[in-house]
Amino acid sequence: MCGIAGVISCRSSLDAAVVKEMTDLVSYRGPDDEGFACWGNVRNTASLPAQKFVSNPLQPGSARVTNDSALALGHRRLSILDLTDAGHQPMASMDGRFWIVFNGEIYNYKELRTELQAIGSSFVSTSDTEVILSAYATWGEDCLHRFNGMWAFVIYDSFNHSLFASRDRFGVKPFYYAVAGDRMAFASEIKQLRAAGFGTGRADKRRVAEFLHYGTVNESSHTLFEGIRQLLPGHALRWHIADGPKRIDAFRYYAPDFNRQMGSNGGFSLDEYRDRFNFLLSDAVRLRLRSDVPVGVALSGGLDSSSVAMLASEQLREHSAGPLKTFTSCFEDKRYDEWEFASSIVKATGAQPYQVFPDMDRIWEEMEGLTWHQDEPFRSPSVYAGWNVMRLAHQNDIKVLLEGQGADEVLVGYHRNIPDFLGALVRSGHFLAALREYRALRRTGVLTASESPARVSGKILRSAAGVTLFRQSPVGRMFRPEYRTIDRELPSRSFQQMLFTEIFGYMQSLLRHGDRNSMAFSVESRLPFLDYRLVELFLKMPGIYKLRDGWTKPFAREAMRNLMPENVRLRVTKLGFATPEPVWYRTAIQSLRQSLLASDAPIQNWIDRALLSDWLGDQSFRRESGSTLWRIFSVNLWMKIFALA
């Protein structure tokens with residue numbers, strides 16, 4: 001896990017100090033090593049550490065960079081695989097043609113290395129980085145389909161003066177880029193690009209307004225910073241540098257199909273899906289335990305992280321690797337505390353547990369640092385719980401943490417999906433199945449007494465009619481006139497299509513939270529539930545199997561039978577590193593009000609100050625609109641920290 005950076009100029013020189021600043025700015029992403037490589041007209045190379053720098057590394061037959069163009073690559077390394085200098089980056093292929101800067105992990109690197117050796121490749125390291133280089137040299141862009149992992153990398157081809165960049169299938173690792181005149185730059189974090197002079201220095205007001213209305217962020221190639229883009233999940237880009245930045249070709253290399261049917265349509269039988277799921281989840285954990293440094297588990301006490309902990313502990317015991325270390329966010333307020341469940345997993349695995357207790361005072365003290373690391377606003381203070389877990393792991397010398405992130409989107413774990421599921425059964429003619437599942441969901445407690453038949457039926461009918469309704473958020477009426485009609489209307493979608501879009505939509509901001517929280521403390525976060533084989537299994541699965549016999553995530557619950565304590569395996573409540581937000585809002589309302597109503601508050605670029613004051617004085621908003629208040633606060637603080645116009 002690392003931080004990458006690069007600046008390319010087509011018709012002018014570059015200052016090496018810029019790339020050094022870009023990498024220094026994210027030194028926490030890679031505190032173990034740094035490296036640089038420059039080609040062409042790069043000035044001020046004396047600012048780079050001599051022992052970490054390679055200048056104009058041309059080989060016979062290379063396309064020489066012209067005197068009026070330049071390229072500089074930078075890297076910060078968090079050493080996880082091959083801790084020796086052989087894993088240093090930027091790394092060159094054996095023939096010197098290809099150079100790479102890489103952030104992430106290729107979990108099946110050992111298998112790929114064996115395959116490449118069988119067809120003649122040689123290796124000087126035991127790193128996955130060298131495997132990527134060899135795979136690209138052997139298979140070209142098709143190598144991406146062979147990787148099982150998370151990644152963002154750039155490969156420079158010194159023979160034809162071109163770049164190839166790629167981001168992993170689901171967007172676990174970030175990749176940002178920007179163009180300014182004849183220059184292009186890329187980086188792991190937005191702040192690096194701004195430090196290099198890219199972007200306009202303004203917020204993208206339309207995107208910010210959409211975030212304030214709906215919480216939409218990280219779901220398109222546009223960021224909330226005007227002039228800075230992200231490479232989308234499952235996308236890559238090609239660029240022949242001599243053609244200029246306007247000829248950058250970003251394209252989608254990964255477009256998985258999904259089953260649009262609710263009923264069985266000739267795929268695997270239910271038992272075959274069970275067997276395949278059990279194998280793939282166990283294998284996903286096995287691959288993600290590969291590391292030359294200690295590995296732990298972020299344990300919330302929910303089904304997802306508990307499943308990862310149970311499987312990781314079982315596999316570590318097989319290799320006599322010592323007890324698993326778990327890291328849990330706890331709260332004195334028992335309404336938000338999950339230690340009762342997490343402790344059951346700790347006892348069952350014999351794990352060595354570590355706990356942290358986030359509190360109200362610390363969150364406000366640390367919010368500026370948290371926002372700076374996140375780069376963009378975030379929807380909820382629950383991000384702070386994950387922040388504390390990663391800090392706890394760092395304080396206890398753990399560099400790799402496995403997490404349960406992604407399971408809710410892949411396995412259909414959100415309770416909000418239940419009416420859509422029932423409605424899809426009705427729409428597809430499975431009336432009796434819908435009735436049976438409704439009754440079973442009430443019996444198991446997944447649907448509570450507050451979900452009355454009338455209320456659920458209303459949601460089911462809207463879903464069955466194929467109508468997606470969007471109600472203007474409470475903040476909408478406070479917007480300045482030009483932002484009051486930020487309408488977002490989606491076409492009618494099937495249940496299966498909705499789940500597909502959640503993976504490439506809603507989940508993206510959660511992945512950003514996880515990446516920034518973990519990297520802030522030099523910890524690598526690994527997500528077994530986002531193993532592409534597991535995701536594709538569920539994408540191809542008929543919808544009727546995804547909630548079954550009154551249970552969400554039935555495959556995970558069945559896989560954990562006789563392995564996981566029953567109070568966790570059959571748990572129906574959901575928190576997932578939650579925080580006591582209502583309590584915090586009540587205690588912080590005066591300080592929030594003061595910061596939002598200050599005469600120079602940036603939020604007033606969007607929202608009328610008088611209307612905001614009236615809204616903040618309305619007692620009902622605290623009960624109904626906590627998430628809206630947080631989004632307003634988050635945008636206001638974000639603009640201050642990044643000095644945005």
# chains A, B, ... in the order shown; residues from 1 in each chain; ligands from 1
>>> residues_around(residues="range 305-319 of chain A", least_positions_apart="3", cutoff="8 Å", atoms="only C-alpha atoms", output="list in words")
Ser282, Val285, Arg286, Leu289, Val297, Ala298, Leu299, Ser300, Gly301, Gly302, Gly322, Pro323, Leu324, Thr326, Ala342, Ile345, Thr349, Ala351, Leu402, Glu403, Gly404, Gln405, Pro528, Ala556, Met560, Leu563, Met564 and Val568 of chain A
>>> write_last_selection(atoms="N, CA and C atoms", output="mmCIF file, in the first residue's frame")
data_model
loop_
_atom_site.group_PDB
_atom_site.id
_atom_site.type_symbol
_atom_site.label_atom_id
_atom_site.label_comp_id
_atom_site.auth_asym_id
_atom_site.auth_seq_id
_atom_site.Cartn_x
_atom_site.Cartn_y
_atom_site.Cartn_z
ATOM 1 N N SER A 282 -13.771 -18.289 1.918
ATOM 2 C CA SER A 282 -12.594 -18.809 2.617
ATOM 3 C C SER A 282 -11.318 -18.523 1.834
ATOM 4 N N VAL A 285 -10.275 -14.814 2.010
ATOM 5 C CA VAL A 285 -9.572 -14.527 3.260
ATOM 6 C C VAL A 285 -8.154 -15.082 3.210
ATOM 7 N N ARG A 286 -8.004 -16.293 2.695
ATOM 8 C CA ARG A 286 -6.672 -16.907 2.595
ATOM 9 C C ARG A 286 -5.710 -16.021 1.802
ATOM 10 N N LEU A 289 -4.559 -12.889 3.624
ATOM 11 C CA LEU A 289 -3.655 -13.069 4.764
ATOM 12 C C LEU A 289 -2.198 -13.096 4.325
ATOM 13 N N VAL A 297 -7.677 -7.928 12.283
ATOM 14 C CA VAL A 297 -9.031 -7.788 11.751
ATOM 15 C C VAL A 297 -9.730 -6.646 12.466
ATOM 16 N N ALA A 298 -10.374 -5.755 11.678
ATOM 17 C CA ALA A 298 -11.247 -4.729 12.237
ATOM 18 C C ALA A 298 -12.588 -5.393 12.540
ATOM 19 N N LEU A 299 -12.905 -5.561 13.801
ATOM 20 C CA LEU A 299 -14.062 -6.349 14.238
ATOM 21 C C LEU A 299 -15.128 -5.437 14.833
ATOM 22 N N SER A 300 -16.259 -5.306 14.130
ATOM 23 C CA SER A 300 -17.344 -4.475 14.658
ATOM 24 C C SER A 300 -18.268 -5.264 15.568
ATOM 25 N N GLY A 301 -18.385 -6.566 15.325
ATOM 26 C CA GLY A 301 -19.363 -7.381 16.034
ATOM 27 C C GLY A 301 -20.535 -7.749 15.156
ATOM 28 N N GLY A 302 -20.556 -7.234 13.911
ATOM 29 C CA GLY A 302 -21.578 -7.619 12.953
ATOM 30 C C GLY A 302 -21.215 -8.909 12.245
ATOM 31 N N GLY A 322 0.027 -17.836 15.639
ATOM 32 C CA GLY A 322 -0.292 -17.080 16.840
ATOM 33 C C GLY A 322 -1.712 -16.553 16.808
ATOM 34 N N PRO A 323 -2.177 -15.969 17.919
ATOM 35 C CA PRO A 323 -3.566 -15.522 17.997
ATOM 36 C C PRO A 323 -3.837 -14.328 17.085
ATOM 37 N N LEU A 324 -5.044 -14.280 16.574
ATOM 38 C CA LEU A 324 -5.496 -13.154 15.776
ATOM 39 C C LEU A 324 -5.638 -11.928 16.667
ATOM 40 N N THR A 326 -7.672 -8.396 17.107
ATOM 41 C CA THR A 326 -8.876 -7.721 16.635
ATOM 42 C C THR A 326 -8.932 -6.303 17.206
ATOM 43 N N ALA A 342 -18.959 -8.497 19.623
ATOM 44 C CA ALA A 342 -17.542 -8.643 19.288
ATOM 45 C C ALA A 342 -16.832 -9.536 20.293
ATOM 46 N N ILE A 345 -17.023 -13.192 19.539
ATOM 47 C CA ILE A 345 -16.077 -13.621 18.507
ATOM 48 C C ILE A 345 -14.679 -13.739 19.085
ATOM 49 N N THR A 349 -12.592 -17.299 19.069
ATOM 50 C CA THR A 349 -11.354 -17.421 18.295
ATOM 51 C C THR A 349 -10.103 -17.431 19.159
ATOM 52 N N ALA A 351 -8.868 -14.716 20.211
ATOM 53 C CA ALA A 351 -8.150 -13.557 19.682
ATOM 54 C C ALA A 351 -7.637 -12.662 20.801
ATOM 55 N N LEU A 402 -7.815 -6.785 7.926
ATOM 56 C CA LEU A 402 -8.915 -7.284 7.119
ATOM 57 C C LEU A 402 -10.209 -6.701 7.663
ATOM 58 N N GLU A 403 -11.137 -6.361 6.749
ATOM 59 C CA GLU A 403 -12.412 -5.756 7.139
ATOM 60 C C GLU A 403 -13.575 -6.447 6.446
ATOM 61 N N GLY A 404 -14.785 -6.165 6.924
ATOM 62 C CA GLY A 404 -15.994 -6.720 6.332
ATOM 63 C C GLY A 404 -16.655 -5.802 5.325
ATOM 64 N N GLN A 405 -16.016 -4.671 5.014
ATOM 65 C CA GLN A 405 -16.584 -3.709 4.081
ATOM 66 C C GLN A 405 -16.928 -4.369 2.740
ATOM 67 N N PRO A 528 -12.062 -8.856 1.939
ATOM 68 C CA PRO A 528 -12.352 -10.161 1.324
ATOM 69 C C PRO A 528 -13.667 -10.213 0.559
ATOM 70 N N ALA A 556 -23.964 -16.193 4.003
ATOM 71 C CA ALA A 556 -22.965 -15.987 5.048
ATOM 72 C C ALA A 556 -23.404 -16.642 6.354
ATOM 73 N N MET A 560 -21.396 -19.850 8.254
ATOM 74 C CA MET A 560 -20.871 -19.724 9.618
ATOM 75 C C MET A 560 -21.548 -20.675 10.607
ATOM 76 N N LEU A 563 -19.679 -22.656 13.334
ATOM 77 C CA LEU A 563 -18.364 -22.019 13.417
ATOM 78 C C LEU A 563 -18.427 -20.740 14.237
ATOM 79 N N MET A 564 -19.498 -19.968 14.055
ATOM 80 C CA MET A 564 -19.657 -18.678 14.716
ATOM 81 C C MET A 564 -20.668 -18.780 15.850
ATOM 82 N N VAL A 568 -24.247 -13.937 17.273
ATOM 83 C CA VAL A 568 -23.740 -13.089 16.190
ATOM 84 C C VAL A 568 -24.269 -13.593 14.842
#
>>> residues_around(residues="Ile132 in chain A", least_positions_apart="6", cutoff="10 Å", atoms="only C-alpha atoms", output="list in words")
Ser93, Ile100, Phe102, Ile106, Tyr109, Leu112, Arg113, Thr138, Cys143, Leu144, Phe147, Phe153 and Ile155 of chain A
>>> residues_around(residues="range 202-214 of chain A", least_positions_apart="2", cutoff="6 Å", atoms="only C-alpha atoms", output="PyMOL selection string")
chain A and resi 200+216+224-226+473+631+644-645
>>> select_by_dssp(residues="range 178-323 of chain A", states="strand (DSSP E or B)", output="list of chain:residue names")
A:Ala178, A:Val179, A:Ala180, A:Arg183, A:Met184, A:Ala185, A:Phe186, A:Ala187, A:Ala203, A:His222, A:Phe225, A:Arg229, A:Gln230, A:His235, A:Ala236, A:Leu237, A:Arg238, A:Trp239, A:His240, A:Asp249, A:Ala250, A:Phe251, A:Arg252, A:Val295, A:Gly296, A:Val297, A:Ala298
>>> closest_residue(among="A:Asp82, A:Asp68, A:Asp243, A:Glu21", to="Gly40 in chain A", atoms="only C-alpha atoms")
A:Asp68
>>> residues_around(residues="range 571-573 of chain A", least_positions_apart="6", cutoff="10 Å", atoms="only C-alpha atoms", output="ChimeraX atom specification")
/A:301-303,341,413,415,444-448,551-552,557
>>> write_last_selection(atoms="N, CA and C atoms", output="PDB file, in the first residue's frame")
ATOM      1  N   GLY A 301     -18.385  -6.566  15.325  1.00  0.00           N
ATOM      2  CA  GLY A 301     -19.363  -7.381  16.034  1.00  0.00           C
ATOM      3  C   GLY A 301     -20.535  -7.749  15.156  1.00  0.00           C
ATOM      4  N   GLY A 302     -20.556  -7.234  13.911  1.00  0.00           N
ATOM      5  CA  GLY A 302     -21.578  -7.619  12.953  1.00  0.00           C
ATOM      6  C   GLY A 302     -21.215  -8.909  12.245  1.00  0.00           C
ATOM      7  N   LEU A 303     -22.130  -9.403  11.451  1.00  0.00           N
ATOM      8  CA  LEU A 303     -21.928 -10.679  10.769  1.00  0.00           C
ATOM      9  C   LEU A 303     -20.728 -10.645   9.827  1.00  0.00           C
ATOM     10  N   PHE A 341     -21.325  -8.406  21.137  1.00  0.00           N
ATOM     11  CA  PHE A 341     -21.199  -9.336  20.017  1.00  0.00           C
ATOM     12  C   PHE A 341     -19.729  -9.569  19.654  1.00  0.00           C
ATOM     13  N   GLY A 413     -27.249  -6.658   2.376  1.00  0.00           N
ATOM     14  CA  GLY A 413     -27.382  -6.617   3.824  1.00  0.00           C
ATOM     15  C   GLY A 413     -28.133  -5.425   4.368  1.00  0.00           C
ATOM     16  N   HIS A 415     -31.156  -3.168   5.270  1.00  0.00           N
ATOM     17  CA  HIS A 415     -32.582  -3.398   5.478  1.00  0.00           C
ATOM     18  C   HIS A 415     -33.429  -2.556   4.531  1.00  0.00           C
ATOM     19  N   THR A 444     -38.324 -13.591  11.978  1.00  0.00           N
ATOM     20  CA  THR A 444     -36.920 -13.526  12.402  1.00  0.00           C
ATOM     21  C   THR A 444     -36.574 -12.216  13.084  1.00  0.00           C
ATOM     22  N   GLY A 445     -37.446 -11.203  12.914  1.00  0.00           N
ATOM     23  CA  GLY A 445     -37.164  -9.906  13.509  1.00  0.00           C
ATOM     24  C   GLY A 445     -36.411  -8.960  12.604  1.00  0.00           C
ATOM     25  N   VAL A 446     -36.104  -9.404  11.377  1.00  0.00           N
ATOM     26  CA  VAL A 446     -35.450  -8.508  10.422  1.00  0.00           C
ATOM     27  C   VAL A 446     -36.370  -7.333  10.113  1.00  0.00           C
ATOM     28  N   LEU A 447     -37.660  -7.609   9.908  1.00  0.00           N
ATOM     29  CA  LEU A 447     -38.671  -6.559   9.855  1.00  0.00           C
ATOM     30  C   LEU A 447     -39.268  -6.427  11.244  1.00  0.00           C
ATOM     31  N   THR A 448     -39.171  -5.247  11.816  1.00  0.00           N
ATOM     32  CA  THR A 448     -39.625  -5.046  13.188  1.00  0.00           C
ATOM     33  C   THR A 448     -41.087  -4.624  13.207  1.00  0.00           C
ATOM     34  N   TRP A 551     -34.161 -14.147   6.248  1.00  0.00           N
ATOM     35  CA  TRP A 551     -32.824 -13.693   6.632  1.00  0.00           C
ATOM     36  C   TRP A 551     -32.158 -12.884   5.519  1.00  0.00           C
ATOM     37  N   THR A 552     -31.537 -11.800   5.896  1.00  0.00           N
ATOM     38  CA  THR A 552     -30.590 -11.150   5.002  1.00  0.00           C
ATOM     39  C   THR A 552     -29.291 -11.951   5.044  1.00  0.00           C
ATOM     40  N   ARG A 557     -24.681 -16.556   6.671  1.00  0.00           N
ATOM     41  CA  ARG A 557     -25.170 -17.169   7.913  1.00  0.00           C
ATOM     42  C   ARG A 557     -25.028 -18.691   7.857  1.00  0.00           C
TER      43      ARG A 557
END
>>> closest_residue(among="A:Trp615, A:Phe529, A:Phe504, A:Phe555", to="Arg477 in chain A", atoms="only C-alpha atoms")
A:Trp615
>>> closest_residue(among="A:Leu81, A:Ala137, A:Leu370, A:Ala72", to="Met184 in chain A", atoms="only C-alpha atoms")
A:Ala72
>>> closest_residue(among="A:His513, A:Gly263, A:Arg443, A:Met390", to="Phe431 in chain A", atoms="only C-alpha atoms")
A:Gly263
>>> closest_residue(among="A:Val154, A:Val356, A:Leu231, A:Ala610", to="Gln395 in chain A", atoms="only C-alpha atoms")
A:Val356
>>> select_by_dssp(residues="range 4-174 of chain A", states="alpha helix (DSSP H)", output="PyMOL selection string")
chain A and resi 16-24+109-118+128-139
>>> residues_around(residues="Asp375 in chain A", least_positions_apart="4", cutoff="8 Å", atoms="only C-alpha atoms", output="MDAnalysis selection string")
chainID A and resid 189:191 371 638
>>> atom_distance(atom1="CA of Met22 in chain A", atom2="CA of Leu73 in chain A")
10.2 Å
>>> residues_around(residues="Val7 in chain A", least_positions_apart="3", cutoff="12 Å", atoms="only C-alpha atoms", output="PyMOL selection string")
chain A and resi 4+10+12-23+36-40+42+69-74+154+156+163+177-180+182-187+192-193+195-198+241+245
>>> closest_residue(among="A:Tyr254, A:Trp139, A:Tyr545, A:Phe98", to="Phe159 in chain A", atoms="only C-alpha atoms")
A:Phe98
